[in-house]
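Undergrad: The structure under discussion is supplied below as structure tokens; questions concerning it will follow.
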Amino acid sequence: MIVNVIGMGYIGLPTALMMASHGVNVVGTDYNKKLVKQLTENGKVFEEKGLSELFAAAVQSGIRFSSEYQKADIYIVSVPTPYLKKSRKIDPKYVIAACKSVLEICEDGAILVVESTISPGTIDHCVRPLIGDRQIRLAHAPERIIPGNMLHELVHNPRTIGADDRETAEIVRNLYASFCEAEIVLTDIRTAEMSKVVENTYRDINIAFANELTKICHEASMDVYEVIRIANRHPRVNILSPGPGVGGHCISVDPWFLVGDFPNLTQLIHSARNVNDSMPEYVYKRIREIMAEKAISSFSRVGLYGLTYKENVDDTRESPTLQLLDVLKHKEVDSAPVVYDPYIKDDMVPSQMYDLTEFLAKTDLVVLMVGHDEIKNNPECLSGKAVLDTRNVISLEGVYKL
């Protein structure tokens, strides 16, 4: 059996490597020839714990990389699924393009698995019409992993397989069971599509509640973290942590799929999205308050620590810091703040710096946007600075919170 994994990004690459290292004959495909060349010659293309070792094991097992689609028994499509800003609906162009390319080369009887997170009905509306009368079997196996802990979660997180028939579902389940040690649930395609979107939407709503509590507690001069800590002692309460915004390609995107498709039925989901999208603006207001209190007159003396969307990864997709910088573009600020992230080595934003000591030397107010271990394990480097800790990771005296 040959498996062709389409899309060598944050999801497709670890999935292909995991399958190959467990004895599956895998070809990883990406239209980006530069990326394929890098994978073939150098291996790792992003930071992830254990990825180098997994890559070496997969190469030893015979994984290949190509910019051309291959003849295979099973195709796994793992490409981005953005949403359209105006309509809030999913933009399925990458999924459609990948599926079209698969259909140009695959033989009847092949199984086409969409692993990308998609809105309910996407396979029916966008993929099934491409197949027509051909004997191609369809399945949906939504990913459930997070950067920073991908490899552990690939093995230990439960999976869902949606398919049109039991035989196809069993074949796909057996493929994922080559490495997944957790439960693999079988269902229909639309339920699988919906369940993944619902998982991320639930978390988005929970975070929005925490973020709204943050604003209330700040207005009432209360400690939101203490309030949440005590409330969570109730056995049926589990409030997540507030933060400077919601990033990543899942929680900040997937709820919009439901809002776009069901605009009259998603008042709560839409409100939660608006609350979370408002947090970078709220961080800006907190920065202004602290600048006034500390007599810091120029934004050039403000430092934003962290560009990624979460700690200890190099993934900047939908990063709250990038959202905050967009907010600043529309504000009357005298200059751009300096920005630093130990995981980002390429130029991404104005006033970006690449050394922590130099970054701190240029700042009077440090805004911790991401709780990287570098800063959590070295809080004393912030002594003498005004600090706004948006992630609640520093316990120094005098640190400002959201």
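Every chain in the structure tokens has a letter given in the order shown (A, B, ...), and although residue numbers restart at 1 in each chain, ligands are simply numbered from 1 in the order shown.
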From the DSSP assignment of the backbone, select every residue of region 272-374 of chain A that is strand (DSSP E), and format the answer as a PyMOL selection string.
TA: chain A and resi 302-305+338-340+352-353+365-368
Undergrad: Generate the output file for the selected residues, N, CA and C atoms, as a JSON list (two decimals), in the first residue's frame.
TA:
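selection11.json was written with the following content:
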```json
[["chain", "number", "residue", "atom", "x", "y", "z"],
["A", 302, "VAL", "N", 8.64, 50.76, 24.20],
["A", 302, "VAL", "CA", 7.80, 49.62, 24.54],
["A", 302, "VAL", "C", 8.32, 48.40, 23.76],
["A", 303, "GLY", "N", 8.45, 47.29, 24.44],
["A", 303, "GLY", "CA", 8.92, 46.07, 23.79],
["A", 303, "GLY", "C", 7.87, 44.98, 23.86],
["A", 304, "LEU", "N", 7.57, 44.38, 22.73],
["A", 304, "LEU", "CA", 6.64, 43.25, 22.68],
["A", 304, "LEU", "C", 7.46, 41.96, 22.66],
["A", 305, "TYR", "N", 7.33, 41.17, 23.70],
["A", 305, "TYR", "CA", 8.06, 39.91, 23.78],
["A", 305, "TYR", "C", 7.17, 38.80, 23.23],
["A", 338, "VAL", "N", 9.54, 47.94, 19.79],
["A", 338, "VAL", "CA", 10.49, 46.92, 19.40],
["A", 338, "VAL", "C", 9.88, 45.55, 19.68],
["A", 339, "VAL", "N", 10.28, 44.58, 18.89],
["A", 339, "VAL", "CA", 9.67, 43.25, 18.97],
["A", 339, "VAL", "C", 10.78, 42.19, 18.98],
["A", 340, "TYR", "N", 10.59, 41.17, 19.82],
["A", 340, "TYR", "CA", 11.59, 40.11, 19.90],
["A", 340, "TYR", "C", 10.91, 38.77, 20.17],
["A", 352, "GLN", "N", 12.13, 44.75, 14.62],
["A", 352, "GLN", "CA", 12.34, 43.42, 15.18],
["A", 352, "GLN", "C", 13.78, 43.26, 15.61],
["A", 353, "MET", "N", 13.98, 42.58, 16.75],
["A", 353, "MET", "CA", 15.32, 42.36, 17.28],
["A", 353, "MET", "C", 15.54, 40.86, 17.47],
["A", 365, "LEU", "N", 9.12, 49.47, 29.03],
["A", 365, "LEU", "CA", 7.94, 48.65, 29.30],
["A", 365, "LEU", "C", 8.00, 47.42, 28.42],
["A", 366, "VAL", "N", 7.99, 46.24, 29.04],
["A", 366, "VAL", "CA", 8.00, 44.98, 28.30],
["A", 366, "VAL", "C", 6.61, 44.36, 28.40],
["A", 367, "VAL", "N", 6.03, 44.05, 27.25],
["A", 367, "VAL", "CA", 4.72, 43.41, 27.20],
["A", 367, "VAL", "C", 4.94, 41.94, 26.84],
["A", 368, "LEU", "N", 4.68, 41.06, 27.80],
["A", 368, "LEU", "CA", 4.86, 39.63, 27.54],
["A", 368, "LEU", "C", 3.63, 39.10, 26.81]]
```
Undergrad: For region 3-20 of chain A, work out the shell of residues within 9 Å, counting only C-alpha atoms and skipping chain neighbours fewer than 5 positions away, then give it as a VMD selection string.
TA: chain A and resid 25 to 31 35 to 36 45 to 46 51 54 to 63 69 to 80 98 102 115 to 116 143 145 to 147 150 to 151 154 to 155 175 to 176 178 to 179 315
Undergrad: Limited to N, CA and C atoms, could you put the picked residues into a file as a short mmCIF file (atom, residue, chain, number, x, y, z; two decimals), in the first residue's frame?
TA:
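Done, and the output landed in out-v4.cif:
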```
data_model
loop_
_atom_site.label_atom_id
_atom_site.label_comp_id
_atom_site.auth_asym_id
_atom_site.auth_seq_id
_atom_site.Cartn_x
_atom_site.Cartn_y
_atom_site.Cartn_z
N ASN A 25 4.39 2.86 3.54
CA ASN A 25 5.09 3.36 2.35
C ASN A 25 4.51 4.73 2.00
N VAL A 26 5.25 5.81 2.31
CA VAL A 26 4.72 7.17 2.23
C VAL A 26 5.52 8.02 1.26
N VAL A 27 4.79 8.81 0.46
CA VAL A 27 5.38 9.89 -0.32
C VAL A 27 4.74 11.19 0.14
N GLY A 28 5.55 12.15 0.56
CA GLY A 28 5.06 13.46 0.95
C GLY A 28 5.15 14.43 -0.22
N THR A 29 4.04 15.07 -0.54
CA THR A 29 3.98 15.96 -1.71
C THR A 29 3.63 17.37 -1.30
N ASP A 30 4.31 18.33 -1.91
CA ASP A 30 3.97 19.73 -1.73
C ASP A 30 4.30 20.47 -3.03
N TYR A 31 3.42 21.40 -3.42
CA TYR A 31 3.65 22.14 -4.66
C TYR A 31 4.87 23.05 -4.57
N LEU A 35 10.46 23.95 -0.77
CA LEU A 35 10.22 23.20 0.46
C LEU A 35 10.59 21.73 0.27
N VAL A 36 10.19 21.16 -0.86
CA VAL A 36 10.50 19.76 -1.14
C VAL A 36 12.01 19.55 -1.19
N VAL A 45 11.88 21.54 8.71
CA VAL A 45 11.56 22.86 8.17
C VAL A 45 10.90 23.77 9.19
N PHE A 46 10.56 23.25 10.36
CA PHE A 46 10.07 24.10 11.45
C PHE A 46 10.43 23.44 12.78
N LEU A 51 10.97 16.34 16.41
CA LEU A 51 10.76 16.23 14.97
C LEU A 51 12.01 15.74 14.24
N LEU A 54 12.22 12.02 14.62
CA LEU A 54 11.18 11.36 13.84
C LEU A 54 11.51 11.41 12.36
N PHE A 55 12.05 12.55 11.92
CA PHE A 55 12.43 12.68 10.50
C PHE A 55 13.48 11.64 10.14
N ALA A 56 14.48 11.49 11.00
CA ALA A 56 15.54 10.52 10.73
C ALA A 56 14.98 9.10 10.64
N ALA A 57 14.03 8.78 11.53
CA ALA A 57 13.42 7.44 11.51
C ALA A 57 12.61 7.23 10.24
N ALA A 58 11.90 8.27 9.80
CA ALA A 58 11.09 8.17 8.58
C ALA A 58 11.97 8.00 7.34
N VAL A 59 13.07 8.72 7.29
CA VAL A 59 14.01 8.59 6.17
C VAL A 59 14.60 7.19 6.15
N GLN A 60 14.94 6.68 7.33
CA GLN A 60 15.47 5.32 7.43
C GLN A 60 14.45 4.30 6.92
N SER A 61 13.16 4.61 7.10
CA SER A 61 12.10 3.71 6.66
C SER A 61 11.72 3.91 5.19
N GLY A 62 12.30 4.93 4.55
CA GLY A 62 12.11 5.07 3.11
C GLY A 62 11.15 6.14 2.65
N ILE A 63 10.78 7.10 3.52
CA ILE A 63 9.89 8.16 3.06
C ILE A 63 10.53 8.93 1.91
N TYR A 69 2.34 14.82 -7.62
CA TYR A 69 1.43 13.85 -7.02
C TYR A 69 1.79 12.45 -7.52
N GLN A 70 1.62 11.45 -6.63
CA GLN A 70 2.03 10.09 -6.94
C GLN A 70 0.82 9.17 -7.08
N LYS A 71 1.00 8.10 -7.85
CA LYS A 71 -0.03 7.07 -7.86
C LYS A 71 0.01 6.35 -6.53
N ALA A 72 -1.13 6.28 -5.88
CA ALA A 72 -1.17 5.71 -4.53
C ALA A 72 -2.51 5.05 -4.27
N ASP A 73 -2.55 4.27 -3.20
CA ASP A 73 -3.81 3.64 -2.79
C ASP A 73 -4.65 4.58 -1.94
N ILE A 74 -3.96 5.40 -1.12
CA ILE A 74 -4.65 6.34 -0.25
C ILE A 74 -3.97 7.70 -0.37
N TYR A 75 -4.79 8.74 -0.50
CA TYR A 75 -4.30 10.13 -0.54
C TYR A 75 -4.82 10.84 0.71
N ILE A 76 -3.93 11.55 1.37
CA ILE A 76 -4.33 12.33 2.55
C ILE A 76 -4.06 13.80 2.24
N VAL A 77 -5.11 14.57 2.18
CA VAL A 77 -5.00 16.00 1.87
C VAL A 77 -4.93 16.78 3.17
N SER A 78 -3.80 17.47 3.36
CA SER A 78 -3.58 18.23 4.59
C SER A 78 -3.06 19.62 4.21
N VAL A 79 -3.97 20.43 3.71
CA VAL A 79 -3.62 21.77 3.22
C VAL A 79 -4.38 22.81 4.03
N PRO A 80 -3.96 24.08 3.98
CA PRO A 80 -4.63 25.12 4.77
C PRO A 80 -6.09 25.33 4.37
N ALA A 98 -6.07 20.69 -4.38
CA ALA A 98 -5.37 19.43 -4.07
C ALA A 98 -6.17 18.22 -4.55
N VAL A 102 -5.19 15.31 -7.26
CA VAL A 102 -5.25 13.88 -6.95
C VAL A 102 -6.05 13.14 -8.02
N GLU A 115 -7.83 15.59 5.51
CA GLU A 115 -7.46 15.74 6.92
C GLU A 115 -7.60 17.20 7.36
N SER A 116 -7.56 18.14 6.42
CA SER A 116 -7.71 19.56 6.74
C SER A 116 -9.02 19.79 7.48
N GLU A 143 -7.46 16.44 11.84
CA GLU A 143 -6.31 16.41 12.75
C GLU A 143 -6.72 16.97 14.11
N ILE A 145 -4.03 17.94 16.67
CA ILE A 145 -2.75 18.15 17.33
C ILE A 145 -2.44 19.63 17.42
N ILE A 146 -1.52 19.97 18.33
CA ILE A 146 -1.19 21.36 18.56
C ILE A 146 0.33 21.53 18.49
N PRO A 147 0.80 22.58 17.83
CA PRO A 147 2.25 22.83 17.81
C PRO A 147 2.82 22.89 19.22
N MET A 150 3.04 18.15 19.16
CA MET A 150 2.45 17.43 18.03
C MET A 150 2.67 15.92 18.09
N LEU A 151 3.90 15.52 18.30
CA LEU A 151 4.22 14.11 18.16
C LEU A 151 3.56 13.27 19.25
N LEU A 154 -0.17 13.14 18.29
CA LEU A 154 -0.43 12.25 17.16
C LEU A 154 -0.61 10.81 17.63
N VAL A 155 0.18 10.44 18.61
CA VAL A 155 0.13 9.07 19.11
C VAL A 155 -1.00 8.87 20.11
N LEU A 175 -4.98 2.43 8.88
CA LEU A 175 -3.82 3.24 8.51
C LEU A 175 -3.38 4.12 9.68
N TYR A 176 -4.33 4.83 10.29
CA TYR A 176 -3.99 5.70 11.42
C TYR A 176 -3.61 4.89 12.65
N SER A 178 -1.73 2.52 12.69
CA SER A 178 -0.32 2.12 12.59
C SER A 178 0.53 2.88 13.60
N PHE A 179 0.05 4.08 14.01
CA PHE A 179 0.81 4.86 15.00
C PHE A 179 -0.05 5.39 16.14
N ASP A 315 5.48 29.03 15.30
CA ASP A 315 4.26 29.20 14.50
C ASP A 315 3.65 30.57 14.78
#
```
Undergrad: Counting only C-alpha atoms, figure out which residue out of A:Thr357, A:Thr316, A:Ser67, A:Ser383 gets nearest to Val399 (chain A).
TA: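 Of the candidates, the smallest distance to Val399 (chain A) is held by A:Ser383.
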Undergrad: From the options A:Cys250, A:Met279, A:Ala336, A:Leu388, which residue's atoms come nearest to Leu213 (chain A), counting only C-alpha atoms?
TA: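 Of A:Cys250, A:Met279, A:Ala336, A:Leu388, the one nearest Leu213 (chain A) is A:Met279, counting only C-alpha atoms.
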Undergrad: I want to know what sits within 8 Å of region 167-171 of chain A, based on only C-alpha atoms, with residues of the same chain fewer than 3 positions away left out; could you give that as a list in words?
TA: Ile111, Arg137, Leu138, Ala139, Ile161, Gly162, Ala163, Asp164, Asn174, Leu175 and Leu186 of chain A
Undergrad: With C-alpha atoms kept, could you save the residues just selected as a compact mmCIF listing (two decimals), in the first residue's frame?
TA:
```txt
# COMPACT_ATOMS: atom_id res chain seq x y z
CA ILE A 111 -9.31 6.46 -1.11
CA ARG A 137 -13.85 6.54 -1.94
CA LEU A 138 -14.02 9.55 0.37
CA ALA A 139 -13.17 9.98 4.03
CA ILE A 161 -12.78 8.89 10.89
CA GLY A 162 -15.79 9.86 8.78
CA ALA A 163 -16.55 7.80 5.68
CA ASP A 164 -19.42 6.81 3.39
CA ASN A 174 -6.15 0.75 10.20
CA LEU A 175 -3.82 3.24 8.51
CA LEU A 186 -15.90 5.80 13.10
```
Undergrad: Pick from A:Arg173, A:Lys285, A:Leu328, A:Leu396: nearest to His218 (chain A), with only C-alpha atoms counted?
TA: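 Selected residue with least distance to His218 (chain A): A:Lys285.
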Undergrad: If DSSP is run on the backbone, what residues of region 121-369 of chain A are helix (DSSP H, G or I)? A reply as a VMD selection string would be ideal.
TA: chain A and resid 122 to 131 150 to 156 166 to 176 189 to 219 224 to 231 254 to 261 267 to 277 279 to 294 299 to 301 320 to 329 356 to 361
Undergrad: Just how far from CA of Leu360 (chain A) is CA of Asp334 (chain A), in Å to one decimal?
TA: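 Going from CA of Asp334 (chain A) over to CA of Leu360 (chain A) covers 19.6 Å.
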Undergrad: To one decimal place in Å, what is the distance between CA of Met348 (chain A) and CA of Val387 (chain A)?
TA: 23.4 Å
Undergrad: Work out how far apart CA of Ile96 (chain A) and CA of Leu84 (chain A) are and give it in Å to one decimal.
TA: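 If I compute the distance from CA of Ile96 (chain A) to CA of Leu84 (chain A), I get 15.2 Å.
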Undergrad: So which one's closest to Arg288 (chain A), A:Lys331, A:Ala231, A:Pro263, A:Asn157? Using only C-alpha atoms, please.
TA: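 Once distances to Arg288 (chain A) are computed over only C-alpha atoms, the minimum belongs to A:Lys331.
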Undergrad: Give me, as a list of chain:residue names, all polymer residues having an atom no more than 10 Å from Glu281 (chain A), counting only C-alpha atoms and skipping those fewer than 2 positions away in the same chain.
TA: A:Pro244, A:Gly245, A:Asp277, A:Ser278, A:Met279, A:Val283, A:Tyr284, A:Lys285, A:Arg286, A:Ile287, A:Gln323, A:Leu324, A:Leu325, A:Asp326, A:Val327, A:Leu328
Undergrad: Residues as selected, C-alpha atoms, written as a PDB file, in the first residue's frame, can you do that?
TA:
```pdb
ATOM      1  CA  PRO A 244      -3.972  38.869  24.649  1.00  0.00           C
ATOM      2  CA  GLY A 245      -5.998  37.284  21.868  1.00  0.00           C
ATOM      3  CA  ASP A 277     -10.749  39.491  18.451  1.00  0.00           C
ATOM      4  CA  SER A 278     -11.091  42.554  20.704  1.00  0.00           C
ATOM      5  CA  MET A 279      -8.284  41.514  23.038  1.00  0.00           C
ATOM      6  CA  VAL A 283      -3.912  45.127  25.340  1.00  0.00           C
ATOM      7  CA  TYR A 284      -3.237  48.421  23.554  1.00  0.00           C
ATOM      8  CA  LYS A 285      -5.398  50.253  26.097  1.00  0.00           C
ATOM      9  CA  ARG A 286      -3.568  48.570  28.983  1.00  0.00           C
ATOM     10  CA  ILE A 287      -0.237  49.584  27.448  1.00  0.00           C
ATOM     11  CA  GLN A 323      -2.967  41.425  15.587  1.00  0.00           C
ATOM     12  CA  LEU A 324      -1.750  44.011  18.108  1.00  0.00           C
ATOM     13  CA  LEU A 325       0.683  45.468  15.566  1.00  0.00           C
ATOM     14  CA  ASP A 326      -2.249  45.809  13.159  1.00  0.00           C
ATOM     15  CA  VAL A 327      -4.137  47.697  15.859  1.00  0.00           C
ATOM     16  CA  LEU A 328      -1.170  50.047  16.310  1.00  0.00           C
TER      17      LEU A 328
END
```
Undergrad: Which residues, written as an MDAnalysis selection string, have at least one atom at most 9 Å from region 187-202 of chain A, with only C-alpha atoms counted and residues fewer than 2 positions away on the same chain left out?
TA: chainID A and resid 117:124 138:144 160:166 169 185 204:207 250:258 269
